[in-house]
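Here's the structure, in structure tokens; my notes come after.
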Amino acid sequence: MRSSPDSDRGGYGSILKGTLVLDLADEKGSYCSRLLADLGAEVIKIEPPGGDPSRNLGPFYRKEAGGEPVSLSFFYNNLNKKSICLDLRAAEGRRFFKRLAQRADVLVDTFPPGYLDSLKLGSESLRGENPGLIHLSITAFGHSGPKSACRASDSAVSAYGGQTYVCSNGSGKPSKLFGMQSWYAASLFGAVAVMLRLRQRKRTGRGIFIDLSAQEAVVSTLDHVLIDYFSDRRIAHRRDASTRDSRFQVVPCKDGFLLLTILETWDTLIELIDSENGARNFPDPRWRDPDYRLKHFGDMLKVIKEWASRHTKRELFEIGQAMRFPWAPVASAREVLESPQLRSRGFFVESRVSGEKAILPGTPYRFNSWKPTTPVPAPRPGEHRTEVLKKLDTHIKINNLKHEVFDYKYSYLNNNILKGIRVLDLSRMLSGPYATRILADFGAEVIKVQTGKTARGAERDDSAYFSAWNRNKRSIRLDLDSEEAGEVFLKLVAGSDILVENYSPRVMANWGLPPDRMKDANPSLIMLSISAMGQTGPWKDFVGYAPTFHALSGLMSASSSVPGSPATIGHAFGDVMAGLYGAFSLMAALEFRDNTGQGLHIDLSGYEALCSLLGPALMHNSLARDAGERSRWCEEYCDTVPDGCYPCRGTDRWCTLTVKNDTEWRTFCSVLGRPELESDRFATPEGRRKHEQALDDIIKNWTEARSAESAVGAIQKAGLAAGIVQDAREISRDRHLTARKFFISLKHPQLGDTAADRSALWPWDCATDGWRAAPLQGEADRDIFVKLLGMPEETFRDFLRRGVIG
């Protein structure tokens, strides 16, 4: 028996209870409303007669040969929702929709720009009748700019967003990530945007139109790619995971591949190898010189590969992690589903697909150790029409919220959404700073807690990397190895709203600052702990960075199309996704605290964050009937063929193109004008997939004769999705991003003018008034310790002298 999405999922699963969300989204944004549904919002999916076209996207599950296929992509992205079918092109359908919109809090749509306006259902019209409506529109390129009307696919957005250029499927050519990661990134940004605007609406009573560009979302995930270009004009290229300029390398083992570090763990690694071999592999003292090692990297790698080949990847994973190295096996689908860490934490939940048990990822964040309950399966088309009609007949409300009176410019409202929220930021590198930068951009007072001991490398305040992720923050110094510093820190905790840290669980405990002690100091504190594996489980003290998560989650193996060659992912995608989940869970926790007065401890795992974005494929593998199929990632993730990356005229020039159905296929054939494409073997999606190599060769011959601009222009002119694979320089000069004012410049006291993205969350037409460059270390010491905490001047100076502050 199917449960109702209205059933109380209990406690933290009801944070958004009473919030009505209308979902007009396809695969580009349905995961966004799913995230809101997970928090207890009532999400009504509005489908056209016959059902949402995204029900036709793979991977599919058929209980038996010839049976009705179930889209696992649709199933996963639409859990906990209701469904009604409406024809918005018909007057009756529009009237029904308007009645729903009058009482809705949030509307999520993914229609092309102008479509809802053409039906007289545009944002201005809907918000004219419901001023409190928050309307999120997720499109490929946004509602303004020269590319706003272009058709796009996940592949095209990945290409224009710079992700494709720095990733490879194992063959060396550029490639998008497995699945629909561009749309998942856009959905996560969208969910954070909605949570921010719900909070803003409490103060202003106003809804808002949110124009969210998926291209901007993807560019916002690029980590070092744009930082390197803006700081010293270096263009990040695709890197083989065994080249010397890669921090992480992939080496073959007895039973697969291992991701490990070499250069930074050299001394320990060679001691380990020598102890096993009974001989010194590198006796020459010149090997102690880092420059010499770099020059002879190939010789080093040969020895390391030979050593690794004698071990299983699980053995080396455990050896490396015992030495606190961020090593990881390149996991198969089966290994992800059988992960002892994920199973110990109860990460996977069960649901039923065509009566069969399916395993799917849960949420990567936990509130006070709460584990999500069994989700309600995705609805059948129109399943809840009678229920929704009955509610409309008995309870129609127009949002008419009490609010403060505001008459300020647009930028003031954005800058002050989180005004009055104080955040202590103990996090380093990327995932935590990414989350706290979002809070700082929208008005929170974020105090970065640093120490000279760790402010090195990318954490130096004069580094471009630190500058990128720490704008709009303040900085203080505290050496938490000191007991006295710990006492000062607790005083800060007592006067703060949020604490964010991204250490492994042992670190805060070693400082004598576990979550329980934070709660004692401030019962209403919201504490976010982002760690590699989570706060519990057999791997809880293991360490990791984004590449660790790429390997462990299966993203590296799934993104490869070359047997025996894992994909390379050239940016810290996993860390940014963890940061977005962090910001989303913090906004949810603020909502919970507003309603209850209680604080929360949020346990967020970077490993689980990436696994959650492979949900449809993991479901597919959990339903597989034999062990071999369970080990392989499903090849038919979707039935769009062709959907790939092709070389164009010029050096390292590429384009992507996507053909979604037979109608588009006929149009595509007319664009290329190649008689070979008229062959019967290409007439159906199944035939095109079966003969994909032959098809790719024909397309390649066409694209190689043209510039990327010419090839993409011809395909887009025919109304099909295509994209130019852009590198960092091209992104920085992208006319569309420039028109939408995506890049900003802030004056840094040491680095001068520093360029960065404004973030996909910040409205393109809103100035960044009052934004500040990243702080210098300790610049707010006196303000915070003396003025805010009331520390006596002599104590302050004594702490400075003894390094307690420093």
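All residue names refer to the structure tokens as shown: chains lettered A, B, ... in order, residues numbered from 1 in each chain, ligands numbered from 1 in order.
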| Residue neighbourhood region 78-91 of chain A, 7 Å, only C-alpha atoms, exclusion window fewer than 6 positions, as number ranges by chain | A: 5, 30-31, 34, 37-38, 43-49, 51, 119, 375-385
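Residues of region 103-147 of chain A that DSSP places in strand (DSSP E), based on the backbone of this structure, are A:Val106, A:Leu107, A:Val108, A:Asp109, A:Ile134, A:His135, A:Leu136, A:Ser137, A:Ile138, A:Thr139.
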| request: Apply DSSP to the structure's backbone, then extract all residues of region 112-356 of chain A labelled helix (DSSP H, G or I) and return them as number ranges by chain. | output: A: 115-118, 123-129, 154-160, 164-166, 181-204, 214-219, 224-232, 263-277, 285-288, 290-295, 297-308, 313-322, 333-337, 340-344
| message | If we count only C-alpha atoms and set the cut-off at 7 Å, which residues sit around region 226-234 of chain A, ignoring sequence neighbours fewer than 6 positions away in its own chain? Please answer as an NGL selection string. | response | :A and (464-465 or 728-729 or 755)
Write out the residues from the selection above, keeping N, CA, C and O atoms, as a PDB file, in the first residue's frame.
ATOM      1  N   ALA A 464      45.412  33.174  -4.173  1.00  0.00           N
ATOM      2  CA  ALA A 464      44.202  33.401  -4.972  1.00  0.00           C
ATOM      3  C   ALA A 464      43.109  32.406  -4.578  1.00  0.00           C
ATOM      4  O   ALA A 464      41.920  32.730  -4.631  1.00  0.00           O
ATOM      5  N   TYR A 465      43.502  31.205  -4.182  1.00  0.00           N
ATOM      6  CA  TYR A 465      42.524  30.180  -3.826  1.00  0.00           C
ATOM      7  C   TYR A 465      41.756  30.597  -2.570  1.00  0.00           C
ATOM      8  O   TYR A 465      40.528  30.536  -2.534  1.00  0.00           O
ATOM      9  N   ALA A 728      38.995  27.659 -19.731  1.00  0.00           N
ATOM     10  CA  ALA A 728      38.877  28.771 -18.783  1.00  0.00           C
ATOM     11  C   ALA A 728      38.937  30.125 -19.476  1.00  0.00           C
ATOM     12  O   ALA A 728      38.189  31.049 -19.128  1.00  0.00           O
ATOM     13  N   ARG A 729      39.808  30.252 -20.459  1.00  0.00           N
ATOM     14  CA  ARG A 729      39.922  31.546 -21.152  1.00  0.00           C
ATOM     15  C   ARG A 729      38.629  31.882 -21.878  1.00  0.00           C
ATOM     16  O   ARG A 729      38.143  33.024 -21.823  1.00  0.00           O
ATOM     17  N   ALA A 755      39.423  38.766  -9.574  1.00  0.00           N
ATOM     18  CA  ALA A 755      38.210  38.413 -10.302  1.00  0.00           C
ATOM     19  C   ALA A 755      37.662  37.094  -9.777  1.00  0.00           C
ATOM     20  O   ALA A 755      38.410  36.205  -9.361  1.00  0.00           O
TER      21      ALA A 755
END
| said: Can you pull out the residues contacting region 312-322 of chain A? Cut-off 12 Å, using only C-alpha atoms, and skip same-chain residues under 5 positions away; I want them as JSON, numbers by chain. | reply: {"A": [250, 251, 252, 253, 254, 255, 256, 257, 258, 259, 260, 261, 262, 265, 268, 269, 272, 273, 304, 307, 327, 328, 329, 330, 331, 332, 335, 339, 340, 532, 533, 538, 539, 540, 541, 542, 543, 544, 548, 551, 552]}
| field | Polymer residues at most 8 Å from Gly615 (chain A), only C-alpha atoms, same-chain spacing of 3 or more positions, as a PyMOL selection string | value | chain A and resi 73+76+360-361+611-612+618-619
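What separates CA of Glu484 (chain A) from CA of Met518 (chain A) is a distance of 15.8 Å.
The shell of residues at most 7 Å from Ser427 (chain A), with only C-alpha atoms counted and near chain neighbours (fewer than 6 positions) removed, consists of A:Pro433, A:Val500, A:Glu501, A:Asn502.
Excluding Phe60 (chain A) and any residue on its chain fewer than 6 positions from it, the residues at most 12 Å away by only C-alpha atoms are A:Ser54, A:Gly67, A:Glu68, A:Pro69, A:Val70, A:Ser71, A:Leu72, A:Ser73, A:Phe74, A:Phe75, A:Tyr76, A:Val353, A:Ser354, A:Pro616, A:Ala617, A:Leu618, A:Met619, A:His620, A:Asn621, A:Leu623, A:Ala624, A:Cys634, A:Glu635, A:Glu636, A:Tyr637, A:Cys638, A:Asp639.
Using only C-alpha atoms, the smallest distance between any of A:Met791, A:Leu35, A:Ala494, A:Ile359 and Leu342 (chain A) comes from A:Ile359.
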